[in-house]
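Here's my_file02.pdb, which has PDB, N, CA and C atoms:
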ATOM      1  N   MET A   6     120.914 -60.614 120.774
ATOM      2  CA  MET A   6     120.940 -59.178 120.641
ATOM      3  C   MET A   6     120.968 -58.805 119.166
ATOM      4  N   GLU A   7     120.283 -57.736 118.841
ATOM      5  CA  GLU A   7     120.248 -57.278 117.456
ATOM      6  C   GLU A   7     121.481 -56.446 117.132
ATOM      7  N   THR A   8     121.869 -56.480 115.858
ATOM      8  CA  THR A   8     123.011 -55.701 115.412
ATOM      9  C   THR A   8     122.601 -54.753 114.288
ATOM     10  N   CYS A   9     123.424 -53.736 114.088
ATOM     11  CA  CYS A   9     123.166 -52.727 113.062
ATOM     12  C   CYS A   9     123.224 -53.355 111.674
ATOM     13  N   LEU A  10     122.274 -53.008 110.858
ATOM     14  CA  LEU A  10     122.191 -53.483 109.486
ATOM     15  C   LEU A  10     123.418 -53.062 108.676
ATOM     16  N   THR A  11     123.971 -51.901 108.980
ATOM     17  CA  THR A  11     125.075 -51.352 108.206
ATOM     18  C   THR A  11     126.453 -51.751 108.729
ATOM     19  N   CYS A  12     126.683 -51.567 110.039
ATOM     20  CA  CYS A  12     128.036 -51.776 110.583
ATOM     21  C   CYS A  12     128.164 -52.993 111.493
ATOM     22  N   ASP A  13     127.070 -53.678 111.779
ATOM     23  CA  ASP A  13     127.055 -54.904 112.586
ATOM     24  C   ASP A  13     127.365 -54.674 114.073
ATOM     25  N   ARG A  14     127.261 -53.415 114.551
ATOM     26  CA  ARG A  14     127.463 -53.120 115.964
ATOM     27  C   ARG A  14     126.222 -53.512 116.742
ATOM     28  N   GLU A  15     126.398 -53.941 117.987
ATOM     29  CA  GLU A  15     125.275 -54.310 118.839
ATOM     30  C   GLU A  15     124.424 -53.070 119.133
ATOM     31  N   LEU A  16     123.100 -53.210 119.051
ATOM     32  CA  LEU A  16     122.184 -52.085 119.213
ATOM     33  C   LEU A  16     121.583 -52.017 120.609
ATOM     34  N   THR A  17     121.307 -50.789 121.048
ATOM     35  CA  THR A  17     120.563 -50.584 122.290
ATOM     36  C   THR A  17     119.072 -50.565 121.952
ATOM     37  N   ARG A  18     118.241 -50.648 122.966
ATOM     38  CA  ARG A  18     116.794 -50.589 122.734
ATOM     39  C   ARG A  18     116.377 -49.244 122.152
ATOM     40  N   ASP A  19     117.040 -48.168 122.605
ATOM     41  CA  ASP A  19     116.715 -46.845 122.077
ATOM     42  C   ASP A  19     117.088 -46.724 120.601
ATOM     43  N   GLU A  20     118.195 -47.325 120.187
ATOM     44  CA  GLU A  20     118.583 -47.289 118.775
ATOM     45  C   GLU A  20     117.571 -48.050 117.916
ATOM     46  N   ILE A  21     117.119 -49.180 118.409
ATOM     47  CA  ILE A  21     116.107 -49.953 117.688
ATOM     48  C   ILE A  21     114.818 -49.142 117.583
ATOM     49  N   ALA A  22     114.418 -48.520 118.689
ATOM     50  CA  ALA A  22     113.193 -47.722 118.701
ATOM     51  C   ALA A  22     113.297 -46.532 117.751
ATOM     52  N   LEU A  23     114.431 -45.835 117.762
ATOM     53  CA  LEU A  23     114.596 -44.685 116.873
ATOM     54  C   LEU A  23     114.581 -45.122 115.416
ATOM     55  N   SER A  24     115.236 -46.211 115.131
ATOM     56  CA  SER A  24     115.253 -46.741 113.771
ATOM     57  C   SER A  24     113.823 -47.048 113.314
ATOM     58  N   ARG A  25     113.047 -47.657 114.188
ATOM     59  CA  ARG A  25     111.648 -47.954 113.854
ATOM     60  C   ARG A  25     110.843 -46.676 113.654
ATOM     61  N   LYS A  26     111.091 -45.689 114.497
ATOM     62  CA  LYS A  26     110.353 -44.429 114.420
ATOM     63  C   LYS A  26     110.694 -43.672 113.128
ATOM     64  N   LEU A  27     111.970 -43.668 112.749
ATOM     65  CA  LEU A  27     112.396 -42.888 111.585
ATOM     66  C   LEU A  27     112.218 -43.613 110.259
ATOM     67  N   ILE A  28     112.395 -44.924 110.255
ATOM     68  CA  ILE A  28     112.382 -45.668 108.991
ATOM     69  C   ILE A  28     111.066 -46.397 108.772
ATOM     70  N   ASN A  29     110.739 -47.303 109.687
ATOM     71  CA  ASN A  29     109.524 -48.103 109.520
ATOM     72  C   ASN A  29     109.222 -48.783 110.843
ATOM     73  N   ARG A  30     108.077 -48.514 111.392
ATOM     74  CA  ARG A  30     107.723 -49.068 112.710
ATOM     75  C   ARG A  30     107.761 -50.605 112.724
ATOM     76  N   GLY A  31     107.492 -51.230 111.611
ATOM     77  CA  GLY A  31     107.478 -52.686 111.547
ATOM     78  C   GLY A  31     108.780 -53.301 111.052
ATOM     79  N   ALA A  32     109.829 -52.501 110.955
ATOM     80  CA  ALA A  32     111.103 -52.991 110.411
ATOM     81  C   ALA A  32     111.681 -54.118 111.265
ATOM     82  N   ALA A  33     112.292 -55.080 110.589
ATOM     83  CA  ALA A  33     112.931 -56.192 111.271
ATOM     84  C   ALA A  33     114.435 -55.958 111.425
ATOM     85  N   GLU A  34     114.984 -55.053 110.614
ATOM     86  CA  GLU A  34     116.406 -54.728 110.678
ATOM     87  C   GLU A  34     116.543 -53.254 111.022
ATOM     88  N   HIS A  35     117.578 -52.932 111.797
ATOM     89  CA  HIS A  35     117.715 -51.576 112.318
ATOM     90  C   HIS A  35     119.140 -51.063 112.171
ATOM     91  N   LYS A  36     119.292 -49.738 112.372
ATOM     92  CA  LYS A  36     120.596 -49.097 112.286
ATOM     93  C   LYS A  36     120.943 -48.446 113.619
ATOM     94  N   CYS A  37     122.250 -48.352 113.905
ATOM     95  CA  CYS A  37     122.713 -47.680 115.114
ATOM     96  C   CYS A  37     122.646 -46.167 114.927
ATOM     97  N   ILE A  38     122.852 -45.427 115.992
ATOM     98  CA  ILE A  38     122.802 -43.964 115.943
ATOM     99  C   ILE A  38     123.789 -43.419 114.908
ATOM    100  N   ALA A  39     125.000 -43.932 114.901
ATOM    101  CA  ALA A  39     126.023 -43.426 113.969
ATOM    102  C   ALA A  39     125.600 -43.644 112.517
ATOM    103  N   CYS A  40     125.076 -44.796 112.204
ATOM    104  CA  CYS A  40     124.656 -45.088 110.831
ATOM    105  C   CYS A  40     123.395 -44.327 110.453
ATOM    106  N   LEU A  41     122.472 -44.137 111.412
ATOM    107  CA  LEU A  41     121.291 -43.312 111.148
ATOM    108  C   LEU A  41     121.707 -41.868 110.885
ATOM    109  N   ALA A  42     122.659 -41.364 111.666
ATOM    110  CA  ALA A  42     123.140 -39.992 111.480
ATOM    111  C   ALA A  42     123.770 -39.828 110.097
ATOM    112  N   ALA A  43     124.555 -40.796 109.690
ATOM    113  CA  ALA A  43     125.173 -40.736 108.365
ATOM    114  C   ALA A  43     124.112 -40.830 107.273
ATOM    115  N   TYR A  44     123.147 -41.709 107.456
ATOM    116  CA  TYR A  44     122.081 -41.900 106.469
ATOM    117  C   TYR A  44     121.266 -40.619 106.265
ATOM    118  N   TYR A  45     120.912 -39.967 107.380
ATOM    119  CA  TYR A  45     120.091 -38.750 107.318
ATOM    120  C   TYR A  45     120.924 -37.470 107.241
ATOM    121  N   ARG A  46     122.248 -37.615 107.277
ATOM    122  CA  ARG A  46     123.176 -36.476 107.210
ATOM    123  C   ARG A  46     122.897 -35.448 108.299
ATOM    124  N   VAL A  47     122.821 -35.942 109.527
ATOM    125  CA  VAL A  47     122.653 -35.094 110.705
ATOM    126  C   VAL A  47     123.686 -35.504 111.743
ATOM    127  N   ALA A  48     123.876 -34.668 112.750
ATOM    128  CA  ALA A  48     124.795 -34.991 113.838
ATOM    129  C   ALA A  48     124.156 -36.025 114.771
ATOM    130  N   GLU A  49     124.978 -36.897 115.326
ATOM    131  CA  GLU A  49     124.470 -37.886 116.278
ATOM    132  C   GLU A  49     123.763 -37.194 117.438
ATOM    133  N   ARG A  50     124.279 -36.029 117.846
ATOM    134  CA  ARG A  50     123.690 -35.257 118.933
ATOM    135  C   ARG A  50     122.215 -34.964 118.645
ATOM    136  N   GLN A  51     121.895 -34.648 117.399
ATOM    137  CA  GLN A  51     120.504 -34.353 117.030
ATOM    138  C   GLN A  51     119.612 -35.580 117.222
ATOM    139  N   LEU A  52     120.139 -36.744 116.942
ATOM    140  CA  LEU A  52     119.335 -37.960 117.122
ATOM    141  C   LEU A  52     119.143 -38.270 118.603
ATOM    142  N   HIS A  53     120.164 -38.012 119.415
ATOM    143  CA  HIS A  53     120.016 -38.199 120.867
ATOM    144  C   HIS A  53     118.977 -37.215 121.416
ATOM    145  N   GLU A  54     118.987 -35.985 120.897
ATOM    146  CA  GLU A  54     117.980 -35.000 121.306
ATOM    147  C   GLU A  54     116.586 -35.454 120.887
ATOM    148  N   ARG A  55     116.471 -36.037 119.712
ATOM    149  CA  ARG A  55     115.171 -36.538 119.225
ATOM    150  C   ARG A  55     114.659 -37.658 120.128
ATOM    151  N   ILE A  56     115.554 -38.542 120.550
ATOM    152  CA  ILE A  56     115.161 -39.610 121.476
ATOM    153  C   ILE A  56     114.612 -38.998 122.756
ATOM    154  N   ALA A  57     115.303 -37.998 123.302
ATOM    155  CA  ALA A  57     114.854 -37.341 124.533
ATOM    156  C   ALA A  57     113.478 -36.704 124.338
ATOM    157  N   GLN A  58     113.258 -36.064 123.187
ATOM    158  CA  GLN A  58     111.953 -35.455 122.894
ATOM    159  C   GLN A  58     110.850 -36.505 122.841
ATOM    160  N   LEU A  59     111.122 -37.604 122.167
ATOM    161  CA  LEU A  59     110.111 -38.655 122.036
ATOM    162  C   LEU A  59     109.808 -39.300 123.381
ATOM    163  N   LYS A  60     110.833 -39.482 124.208
ATOM    164  CA  LYS A  60     110.608 -40.026 125.551
ATOM    165  C   LYS A  60     109.746 -39.075 126.372
ATOM    166  N   ALA A  61     110.055 -37.766 126.269
ATOM    167  CA  ALA A  61     109.301 -36.763 127.032
ATOM    168  C   ALA A  61     107.837 -36.721 126.613
ATOM    169  N   ARG A  62     107.569 -37.041 125.359
ATOM    170  CA  ARG A  62     106.194 -37.070 124.858
ATOM    171  C   ARG A  62     105.473 -38.369 125.215
ATOM    172  N   GLY A  63     106.208 -39.302 125.826
ATOM    173  CA  GLY A  63     105.591 -40.536 126.268
ATOM    174  C   GLY A  63     105.581 -41.657 125.260
ATOM    175  N   SER A  64     106.429 -41.584 124.250
ATOM    176  CA  SER A  64     106.489 -42.665 123.250
ATOM    177  C   SER A  64     106.827 -43.978 123.953
ATOM    178  N   THR A  65     106.047 -44.985 123.697
ATOM    179  CA  THR A  65     106.238 -46.283 124.352
ATOM    180  C   THR A  65     107.322 -47.133 123.678
ATOM    181  N   LEU A  66     107.878 -46.664 122.574
ATOM    182  CA  LEU A  66     108.944 -47.412 121.909
ATOM    183  C   LEU A  66     110.268 -47.330 122.666
ATOM    184  N   PHE A  67     110.444 -46.277 123.480
ATOM    185  CA  PHE A  67     111.729 -45.993 124.114
ATOM    186  C   PHE A  67     111.761 -46.403 125.569
ATOM    187  N   GLU A  68     113.004 -46.680 126.052
ATOM    188  CA  GLU A  68     113.219 -46.985 127.472
ATOM    189  C   GLU A  68     113.066 -45.713 128.281
ATOM    190  N   ASP A  69     112.798 -45.870 129.555
ATOM    191  CA  ASP A  69     112.737 -44.696 130.449
ATOM    192  C   ASP A  69     114.102 -44.320 130.929
TER     193      ASP A  69
END

Now that the file is in, can you turn its structure into C-alpha coordinates?
Amino acid sequence: METCLTCDRELTRDEIALSRKLINRGAAEHKCIACLAAYYRVAERQLHERIAQLKARGSTLFED
(Lines of atoms letter the chains of each structure in order from A and count residues from 1; the text may use other names and numbers.)
(Lines give C-alpha, C1' and ligand atoms only; values in the text may rest on other atoms or scores of the structure.)
Protein backbone atom coordinates (compact mmCIF):
# COMPACT_ATOMS: atom_id res chain seq x y z
CA MET A 1 0.00 0.00 0.00
CA GLU A 2 1.19 3.50 -0.77
CA THR A 3 1.71 6.09 1.94
CA CYS A 4 1.57 9.88 2.01
CA LEU A 5 4.77 11.60 0.99
CA THR A 6 4.36 14.12 3.82
CA CYS A 7 2.83 12.32 6.82
CA ASP A 8 3.34 8.62 5.92
CA ARG A 9 -0.38 7.79 6.35
CA GLU A 10 -1.79 4.97 4.23
CA LEU A 11 -3.53 6.34 1.10
CA THR A 12 -6.84 5.45 -0.50
CA ARG A 13 -7.17 5.07 -4.26
CA ASP A 14 -9.11 8.34 -4.41
CA GLU A 15 -6.31 10.19 -2.58
CA ILE A 16 -3.75 8.82 -5.03
CA ALA A 17 -5.97 9.79 -7.97
CA LEU A 18 -6.56 13.32 -6.64
CA SER A 19 -2.87 13.79 -6.00
CA ARG A 20 -2.14 12.73 -9.58
CA LYS A 21 -4.86 15.01 -10.92
CA LEU A 22 -3.71 18.07 -8.95
CA ILE A 23 0.07 17.64 -8.95
CA ASN A 24 1.25 15.39 -11.76
CA ARG A 25 -0.55 12.54 -13.50
CA GLY A 26 2.69 10.54 -13.70
CA ALA A 27 3.75 11.13 -10.09
CA ALA A 28 5.18 8.18 -8.19
CA GLU A 29 4.68 9.75 -4.75
CA HIS A 30 1.38 11.11 -3.47
CA LYS A 31 -0.20 13.08 -0.64
CA CYS A 32 -3.27 12.37 1.50
CA ILE A 33 -6.32 14.65 1.54
CA ALA A 34 -5.17 16.42 4.72
CA CYS A 35 -1.70 17.16 3.33
CA LEU A 36 -3.10 18.23 -0.05
CA ALA A 37 -5.51 20.58 1.74
CA ALA A 38 -2.66 22.08 3.74
CA TYR A 39 -0.46 22.36 0.64
CA TYR A 40 -3.15 24.16 -1.39
CA ARG A 41 -4.55 26.03 1.66
CA VAL A 42 -8.10 24.79 1.16
CA ALA A 43 -10.55 22.88 3.35
CA GLU A 44 -10.52 19.09 3.11
CA ARG A 45 -14.25 19.34 2.32
CA GLN A 46 -13.39 21.20 -0.90
CA LEU A 47 -11.12 18.37 -2.01
CA HIS A 48 -13.81 15.77 -1.27
CA GLU A 49 -16.22 17.87 -3.35
CA ARG A 50 -13.64 17.99 -6.17
CA ILE A 51 -13.36 14.19 -6.09
CA ALA A 52 -17.15 13.93 -6.39
CA GLN A 53 -17.14 16.36 -9.35
CA LEU A 54 -14.40 14.44 -11.15
CA LYS A 55 -16.18 11.13 -10.58
CA ALA A 56 -19.43 12.62 -11.92
CA ARG A 57 -17.58 13.73 -15.05
CA GLY A 58 -16.40 10.16 -15.57
CA SER A 59 -12.72 10.53 -14.69
CA THR A 60 -11.21 7.06 -14.86
CA LEU A 61 -8.62 7.85 -12.17
CA PHE A 62 -11.21 7.55 -9.38
CA GLU A 63 -13.12 4.65 -7.82
CA ASP A 64 -16.87 4.45 -8.30

Query raised in the report: Taking the backbone alone, and naming residues the way the document does, which bits of chain A are strand (DSSP E or B) by DSSP, as a ChimeraX atom specification?
Result: /A:8-9,15,35

Report task. Taking the file as shown, find all residues satisfying the PyMOL selection byres ((chain A and resi 34) around 8) and write them as a list in words. Result ->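 On the file shown, the PyMOL selection byres ((chain A and resi 34) around 8) covers Thr8, Cys9, Leu10, Thr11, Ile21, Ser24, Arg25, Gly31, Ala32, Ala33, His35 and Lys36 of chain A.
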
Report task. Check which residues satisfy the PyMOL selection byres (((chain A and resi 38-46 and name CA) around 12) and name CA) in the file shown, then give them as a ChimeraX atom specification. Result -> /A:8-28,35-37,47-56

Taking all atoms of range 26-45 of chain A that the file lists and extending 3 Å past them on each side, where is the centre of the axis-aligned box and how long are its edges? Answer in Å to one decimal, as JSON.
{"center_x": 116.8, "center_y": -46.8, "center_z": 111.1, "size_x": 24.5, "size_y": 24.7, "size_z": 15.7}
